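**Q** Next up, final35.txt (compact mmCIF, C-alpha atoms).
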```
# COMPACT_ATOMS: atom_id res chain seq x y z
CA MET A 21 -21.24 206.86 -112.57
CA GLU A 22 -22.15 208.59 -115.86
CA LYS A 23 -21.68 212.37 -116.08
CA PRO A 24 -21.69 214.90 -118.94
CA ILE A 25 -18.61 216.84 -120.05
CA LEU A 26 -18.43 219.68 -122.60
CA PHE A 27 -15.89 219.84 -125.41
CA ASN A 28 -15.57 222.32 -128.26
CA THR A 29 -15.61 221.06 -131.85
CA GLU A 30 -11.82 221.13 -132.25
CA MET A 31 -11.34 218.96 -129.15
CA VAL A 32 -14.11 216.54 -130.20
CA ARG A 33 -12.21 216.05 -133.47
CA ALA A 34 -9.03 215.37 -131.46
CA ILE A 35 -10.88 212.73 -129.41
CA LEU A 36 -12.29 211.12 -132.56
CA ASP A 37 -8.78 211.10 -134.10
CA GLY A 38 -7.39 209.41 -130.96
CA ARG A 39 -5.09 212.38 -130.20
CA LYS A 40 -6.83 213.67 -127.07
CA THR A 41 -6.55 211.53 -123.93
CA SER A 42 -6.65 214.19 -121.21
CA THR A 43 -8.36 217.44 -120.38
CA ARG A 44 -7.66 220.26 -117.94
CA ARG A 45 -10.51 221.98 -116.13
CA ILE A 46 -10.52 224.92 -113.71
CA ILE A 47 -10.77 224.06 -110.02
CA LYS A 48 -13.65 226.11 -108.63
CA PRO A 49 -13.34 227.79 -106.30
CA GLN A 50 -9.60 228.37 -106.71
CA PRO A 51 -7.50 227.71 -103.58
CA PRO A 52 -6.18 230.87 -101.89
CA LYS A 53 -2.95 232.40 -103.22
CA PHE A 54 -0.91 231.08 -100.27
CA VAL A 55 -1.68 227.43 -101.14
CA ASP A 56 1.40 225.82 -102.67
CA TRP A 57 0.42 222.18 -102.73
CA LEU A 58 -2.66 219.95 -102.97
CA GLU A 59 -2.66 216.35 -101.69
CA ARG A 60 -4.99 213.66 -103.04
CA LYS A 61 -7.60 212.31 -100.63
CA VAL A 62 -10.33 209.72 -101.32
CA ASP A 63 -12.95 212.13 -102.67
CA GLY A 64 -10.92 215.24 -103.35
CA PHE A 65 -7.77 217.18 -102.56
CA LYS A 66 -6.62 218.83 -99.32
CA ALA A 67 -4.81 222.19 -99.52
CA TYR A 68 -1.43 222.83 -97.90
CA MET A 69 0.69 225.94 -97.60
CA THR A 70 3.74 223.67 -97.94
CA PRO A 71 3.91 219.84 -97.76
CA GLY A 72 2.93 218.82 -94.22
CA GLU A 73 1.56 222.25 -93.25
CA PRO A 74 -2.24 222.09 -93.79
CA CYS A 75 -4.37 225.21 -94.01
CA ASP A 76 -8.05 225.78 -93.24
CA TYR A 77 -9.09 225.66 -96.89
CA PRO A 78 -11.85 223.04 -97.30
CA LEU A 79 -11.41 219.78 -99.17
CA VAL A 80 -11.59 220.43 -102.93
CA LYS A 81 -14.16 217.98 -104.31
CA LEU A 82 -13.56 216.15 -107.57
CA SER A 83 -16.02 216.66 -110.42
CA TYR A 84 -15.04 213.31 -111.92
CA GLN A 85 -13.51 210.24 -110.25
CA PRO A 86 -11.41 207.47 -111.82
CA GLY A 87 -13.87 204.93 -113.19
CA ASP A 88 -16.56 207.52 -114.03
CA ILE A 89 -17.99 207.35 -117.54
CA LEU A 90 -18.24 210.75 -119.23
CA TRP A 91 -20.60 211.34 -122.12
CA VAL A 92 -19.35 214.09 -124.39
CA ARG A 93 -21.58 217.06 -125.07
CA GLU A 94 -20.78 218.49 -128.50
CA THR A 95 -22.36 220.78 -131.10
CA TRP A 96 -25.13 218.87 -132.90
CA MET A 97 -28.48 219.08 -134.68
CA PRO A 98 -31.32 216.72 -135.51
CA GLU A 99 -31.01 215.10 -138.93
CA THR A 100 -33.77 216.17 -141.28
CA GLU A 101 -35.02 215.14 -144.68
CA GLN A 102 -37.16 217.67 -146.53
CA GLY A 103 -37.55 219.61 -143.28
CA ILE A 104 -38.77 216.60 -141.27
CA CYS A 105 -36.69 215.08 -138.46
CA THR A 106 -35.60 211.54 -139.29
CA GLY A 107 -34.67 210.55 -135.73
CA GLY A 108 -30.95 210.71 -136.42
CA TYR A 109 -28.38 213.32 -135.46
CA ILE A 110 -25.62 215.28 -137.16
CA TYR A 111 -22.44 216.33 -135.34
CA LYS A 112 -20.43 219.41 -136.24
CA ALA A 113 -17.11 217.72 -135.47
CA SER A 114 -17.56 215.04 -138.14
CA ASP A 115 -20.51 215.88 -140.40
CA ASN A 116 -20.87 218.67 -142.92
CA PRO A 117 -24.59 219.04 -143.63
CA GLU A 118 -26.03 221.42 -146.14
CA ALA A 119 -29.34 223.21 -145.86
CA ASP A 120 -32.27 221.13 -147.14
CA GLY A 121 -34.15 223.35 -149.61
CA ASP A 122 -35.34 226.57 -147.98
CA CYS A 123 -34.96 225.18 -144.45
CA PRO A 124 -31.62 226.41 -143.02
CA LEU A 125 -29.97 224.06 -140.57
CA LYS A 126 -29.02 225.43 -137.18
CA TRP A 127 -26.42 223.94 -134.91
CA ARG A 128 -27.47 223.35 -131.33
CA PRO A 129 -24.94 224.28 -128.64
CA SER A 130 -23.18 221.47 -126.83
CA ILE A 131 -24.56 222.67 -123.47
CA HIS A 132 -28.06 221.71 -124.70
CA MET A 133 -27.14 218.20 -125.84
CA PRO A 134 -29.23 215.56 -124.06
CA ARG A 135 -27.68 212.23 -123.02
CA LYS A 136 -29.62 210.28 -125.67
CA VAL A 137 -27.82 212.20 -128.44
CA ALA A 138 -24.30 211.45 -127.11
CA ARG A 139 -22.07 209.28 -129.29
CA ILE A 140 -18.72 209.58 -127.47
CA PHE A 141 -18.06 208.03 -124.07
CA LEU A 142 -14.87 208.36 -122.05
CA LYS A 143 -13.71 206.44 -118.99
CA VAL A 144 -11.72 208.50 -116.45
CA THR A 145 -8.48 206.61 -115.72
CA ASN A 146 -6.61 209.13 -113.54
CA VAL A 147 -7.09 212.50 -111.86
CA ARG A 148 -4.47 214.89 -110.56
CA VAL A 149 -4.15 218.58 -109.79
CA GLU A 150 -1.50 221.01 -110.91
CA ARG A 151 -0.94 224.62 -111.82
CA LEU A 152 -1.79 225.28 -115.46
CA GLN A 153 1.73 226.31 -116.45
CA GLU A 154 3.15 222.97 -115.25
CA ILE A 155 1.91 221.40 -118.49
CA THR A 156 4.69 219.77 -120.52
CA GLU A 157 5.00 219.42 -124.29
CA GLU A 158 3.94 215.77 -123.94
CA ASP A 159 0.94 216.79 -121.82
CA ALA A 160 -0.09 219.33 -124.48
CA ILE A 161 0.05 216.57 -127.11
CA ARG A 162 -2.21 214.40 -124.89
CA GLU A 163 -4.55 217.43 -124.80
CA GLY A 164 -4.90 217.04 -128.57
CA CYS A 165 -2.62 219.91 -129.61
CA ILE A 166 -0.15 219.40 -132.45
CA ALA A 167 3.13 221.23 -132.98
CA LEU A 168 3.28 223.11 -136.28
CA LYS A 169 6.37 223.77 -138.41
CA ASP A 170 6.57 225.50 -141.74
CA LYS A 171 8.14 223.52 -144.56
CA ASN A 172 11.48 225.33 -144.17
CA GLU A 173 11.38 224.88 -140.37
CA ILE A 174 12.12 228.58 -139.94
CA THR A 175 9.13 229.14 -137.70
CA SER A 176 7.37 226.65 -135.52
CA ILE A 177 4.73 226.53 -132.83
CA SER A 178 5.02 223.88 -130.12
CA ALA A 179 2.07 221.84 -128.90
CA LYS A 180 2.43 223.67 -125.58
CA GLU A 181 2.18 227.06 -127.33
CA ARG A 182 -0.91 225.89 -129.20
CA PHE A 183 -2.43 224.70 -125.92
CA HIS A 184 -1.64 228.11 -124.37
CA ALA A 185 -3.53 229.87 -127.20
CA LEU A 186 -6.44 227.41 -127.02
CA TRP A 187 -6.68 227.85 -123.23
CA ASP A 188 -6.71 231.64 -123.44
CA GLY A 189 -9.37 231.49 -126.14
CA ILE A 190 -11.64 229.67 -123.70
CA TYR A 191 -10.73 231.01 -120.23
CA LEU A 192 -9.01 234.42 -120.54
CA LYS A 193 -12.23 236.47 -120.38
CA GLN A 194 -13.29 234.49 -117.28
CA GLY A 195 -10.10 235.53 -115.46
CA TYR A 196 -8.45 232.10 -115.68
CA GLY A 197 -6.06 232.74 -118.57
CA TRP A 198 -2.56 231.32 -118.94
CA ASP A 199 -0.91 234.20 -117.09
CA ALA A 200 -3.21 233.70 -114.05
CA ASN A 201 -1.74 230.16 -113.77
CA PRO A 202 -4.83 228.71 -112.07
CA TRP A 203 -5.04 225.37 -110.32
CA VAL A 204 -6.58 222.80 -112.68
CA TRP A 205 -7.90 219.28 -112.58
CA VAL A 206 -6.08 217.02 -115.03
CA TYR A 207 -8.44 214.25 -116.11
CA GLU A 208 -6.93 211.40 -118.09
CA PHE A 209 -9.33 209.19 -119.99
CA GLU A 210 -9.75 206.46 -122.57
CA ARG A 211 -12.46 206.30 -125.18
CA ILE A 212 -14.88 203.41 -124.75
```
Rewrite the structure from the file as structure tokens, please.
**A**
Amino acid sequence: MEKPILFNTEMVRAILDGRKTSTRRIIKPQPPKFVDWLERKVDGFKAYMTPGEPCDYPLVKLSYQPGDILWVRETWMPETEQGICTGGYIYKASDNPEADGDCPLKWRPSIHMPRKVARIFLKVTNVRVERLQEITEEDAIREGCIALKDKNEITSISAKERFHALWDGIYLKQGYGWDANPWVWVYEFERI
């Protein structure tokens, strides 16, 4: 099944570069605080207080299943020539358009991208659930984050630290920041 998925410009660039092969998304609604473990079922995950001790929390439904094709919604605009649409499209992640004469170009938000404009398609290969802070350095690299070191290697920022900052930039104001350690879907994918 084909479904849309939103990515910010930085993460679209990571997909295009071949660095991003997974994404974490908030499970909504979040399981209650007493849930310690989620077990995979056919169409979702069942909550447990501890392994083998189920609770009354309903089955958590998956947004995307292995085998689903995701079309990436990204920041875009119609391509124009002398103020007239040419039928093509420009993408913020890879194109750097300039205003055509007196007609300023305006980016359109990814949320408003229709399917016909999509250029990136991903096939979901695996889904799992975990707490956000369970991410490893290798997982953060698969999320498209790169460790940074200065030339003297005095200071450095790990891929996991960069992921932490990226996550808080997106989810902190919504109450799902790093310190909240929410349950997340981990979707692994390949570009097709």
**Q** Counting all atoms listed in the file, which of A:Glu94, A:Pro129, A:Glu208, A:Val149 gets nearest to Met31 (chain A)?
**A**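 Of A:Glu94, A:Pro129, A:Glu208, A:Val149, the one nearest Met31 (chain A), counting all atoms listed in the file, is A:Glu94.
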**Q** One decimal, Å: what's the distance from CA of Asp88 (chain A) over to CA of Phe183 (chain A), could you say?
**A**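 Atom-to-atom, CA of Asp88 (chain A) and CA of Phe183 (chain A) are spaced 25.2 Å apart.
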**Q** With distances taken over only C-alpha atoms, which residue among A:Ser83, A:Ser130, A:Lys171, A:Trp96 lies nearest Arg45 (chain A)?
**A**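 Distance minimum relative to Arg45 (chain A) lands on A:Ser83.
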**Q** If I put a ball of radius 10 Å at (-0.6, 224.9, -109.7) in the file's coordinates, which residues poke into it when counting all atoms listed in the file, written as a list in words?
**A** Pro51, Val55, Asp56, Trp57, Leu58, Val149, Glu150, Arg151, Leu152, Gln153, Glu154, Ile155, Asn201, Pro202, Trp203, Val204 and Trp205 of chain A
**Q** My list of candidates is A:Arg139, A:Lys81, A:Arg128, A:Arg44. Which is closest to Val32 (chain A) when distances are computed with all atoms listed in the file?
**A**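 Once distances to Val32 (chain A) are computed over all atoms listed in the file, the minimum belongs to A:Arg139.
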**Q** So how far away is CA of Tyr196 (chain A) from CA of Lys180 (chain A), in Å?
**A** 17.0 Å
**Q** Which one of A:Arg182, A:Ile177, A:Asp199, A:Phe141 sits closest to Cys165 (chain A) if you count all atoms listed in the file?
**A**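 Of A:Arg182, A:Ile177, A:Asp199, A:Phe141, the one nearest Cys165 (chain A) is A:Arg182, counting all atoms listed in the file.
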**Q** For Phe27 (chain A), which residue out of A:Ile131, A:Ile89, A:Val147, A:Ile47 is the nearest one, using only C-alpha atoms?
**A**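 When distances to Phe27 (chain A) are compared using only C-alpha atoms, the smallest one comes from A:Ile131.
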**Q** Quick one: everything within 6 Å of Leu90 (chain A), counting all atoms listed in the file, minus sequence neighbours fewer than 2 positions away in the same chain. Send it as a list in words.
**A**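 Listed by chain and then number, they are Glu22, Lys23, Pro24, Phe141 and Leu142 of chain A.
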**Q** Of the residues A:Trp127, A:Trp91, A:Tyr111, A:Tyr207, which is the one nearest to Asp159 (chain A), using all atoms listed in the file?
**A** A:Tyr207
**Q** One decimal, in Å: what's the spacing between CA of Asp37 (chain A) and CA of Ala113 (chain A)?
**A**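 Separation between CA of Asp37 (chain A) and CA of Ala113 (chain A): 10.7 Å.
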**Q** Please, can region 123-147 of chain A be completed to N, CA and C atoms and returned as a CSV table (one decimal), in the coordinates of the input?
**A**
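Dumped everything to rebuild35.csv:
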```csv
chain,number,residue,atom,x,y,z
A,123,CYS,N,-35.0,225.3,-145.9
A,123,CYS,CA,-35.0,225.2,-144.4
A,123,CYS,C,-33.5,225.2,-144.0
A,124,PRO,N,-33.0,226.4,-143.5
A,124,PRO,CA,-31.6,226.4,-143.0
A,124,PRO,C,-31.4,225.6,-141.8
A,125,LEU,N,-30.3,224.9,-141.7
A,125,LEU,CA,-30.0,224.1,-140.6
A,125,LEU,C,-29.3,224.9,-139.5
A,126,LYS,N,-29.6,224.7,-138.3
A,126,LYS,CA,-29.0,225.4,-137.2
A,126,LYS,C,-28.4,224.5,-136.2
A,127,TRP,N,-27.1,224.7,-135.9
A,127,TRP,CA,-26.4,223.9,-134.9
A,127,TRP,C,-27.0,224.2,-133.5
A,128,ARG,N,-27.0,223.2,-132.7
A,128,ARG,CA,-27.5,223.4,-131.3
A,128,ARG,C,-26.2,223.3,-130.4
A,129,PRO,N,-26.1,224.2,-129.5
A,129,PRO,CA,-24.9,224.3,-128.6
A,129,PRO,C,-24.8,223.0,-127.8
A,130,SER,N,-23.5,222.7,-127.6
A,130,SER,CA,-23.2,221.5,-126.8
A,130,SER,C,-23.8,221.5,-125.4
A,131,ILE,N,-24.0,222.6,-124.8
A,131,ILE,CA,-24.6,222.7,-123.5
A,131,ILE,C,-26.0,222.1,-123.5
A,132,HIS,N,-26.7,222.2,-124.6
A,132,HIS,CA,-28.1,221.7,-124.7
A,132,HIS,C,-28.2,220.3,-125.2
A,133,MET,N,-27.1,219.6,-125.3
A,133,MET,CA,-27.1,218.2,-125.8
A,133,MET,C,-27.6,217.2,-124.8
A,134,PRO,N,-28.8,216.5,-125.0
A,134,PRO,CA,-29.2,215.6,-124.1
A,134,PRO,C,-28.4,214.3,-124.1
A,135,ARG,N,-28.4,213.5,-123.1
A,135,ARG,CA,-27.7,212.2,-123.0
A,135,ARG,C,-28.0,211.3,-124.2
A,136,LYS,N,-29.2,211.2,-124.6
A,136,LYS,CA,-29.6,210.3,-125.7
A,136,LYS,C,-29.0,210.6,-127.0
A,137,VAL,N,-28.5,211.8,-127.2
A,137,VAL,CA,-27.8,212.2,-128.4
A,137,VAL,C,-26.3,211.9,-128.4
A,138,ALA,N,-25.8,211.7,-127.2
A,138,ALA,CA,-24.3,211.4,-127.1
A,138,ALA,C,-23.8,210.2,-127.9
A,139,ARG,N,-22.7,210.4,-128.5
A,139,ARG,CA,-22.1,209.3,-129.3
A,139,ARG,C,-20.7,208.9,-128.8
A,140,ILE,N,-20.1,209.8,-128.0
A,140,ILE,CA,-18.7,209.6,-127.5
A,140,ILE,C,-18.8,209.4,-126.0
A,141,PHE,N,-18.1,208.3,-125.5
A,141,PHE,CA,-18.1,208.0,-124.1
A,141,PHE,C,-16.6,207.8,-123.7
A,142,LEU,N,-16.2,208.4,-122.5
A,142,LEU,CA,-14.9,208.4,-122.0
A,142,LEU,C,-14.9,207.8,-120.6
A,143,LYS,N,-13.9,207.0,-120.3
A,143,LYS,CA,-13.7,206.4,-119.0
A,143,LYS,C,-12.5,207.2,-118.3
A,144,VAL,N,-12.8,207.8,-117.2
A,144,VAL,CA,-11.7,208.5,-116.4
A,144,VAL,C,-10.8,207.4,-115.9
A,145,THR,N,-9.5,207.6,-116.2
A,145,THR,CA,-8.5,206.6,-115.7
A,145,THR,C,-7.6,207.2,-114.6
A,146,ASN,N,-7.5,208.5,-114.6
A,146,ASN,CA,-6.6,209.1,-113.5
A,146,ASN,C,-7.0,210.6,-113.4
A,147,VAL,N,-6.8,211.1,-112.2
A,147,VAL,CA,-7.1,212.5,-111.9
A,147,VAL,C,-5.9,213.0,-111.0
```
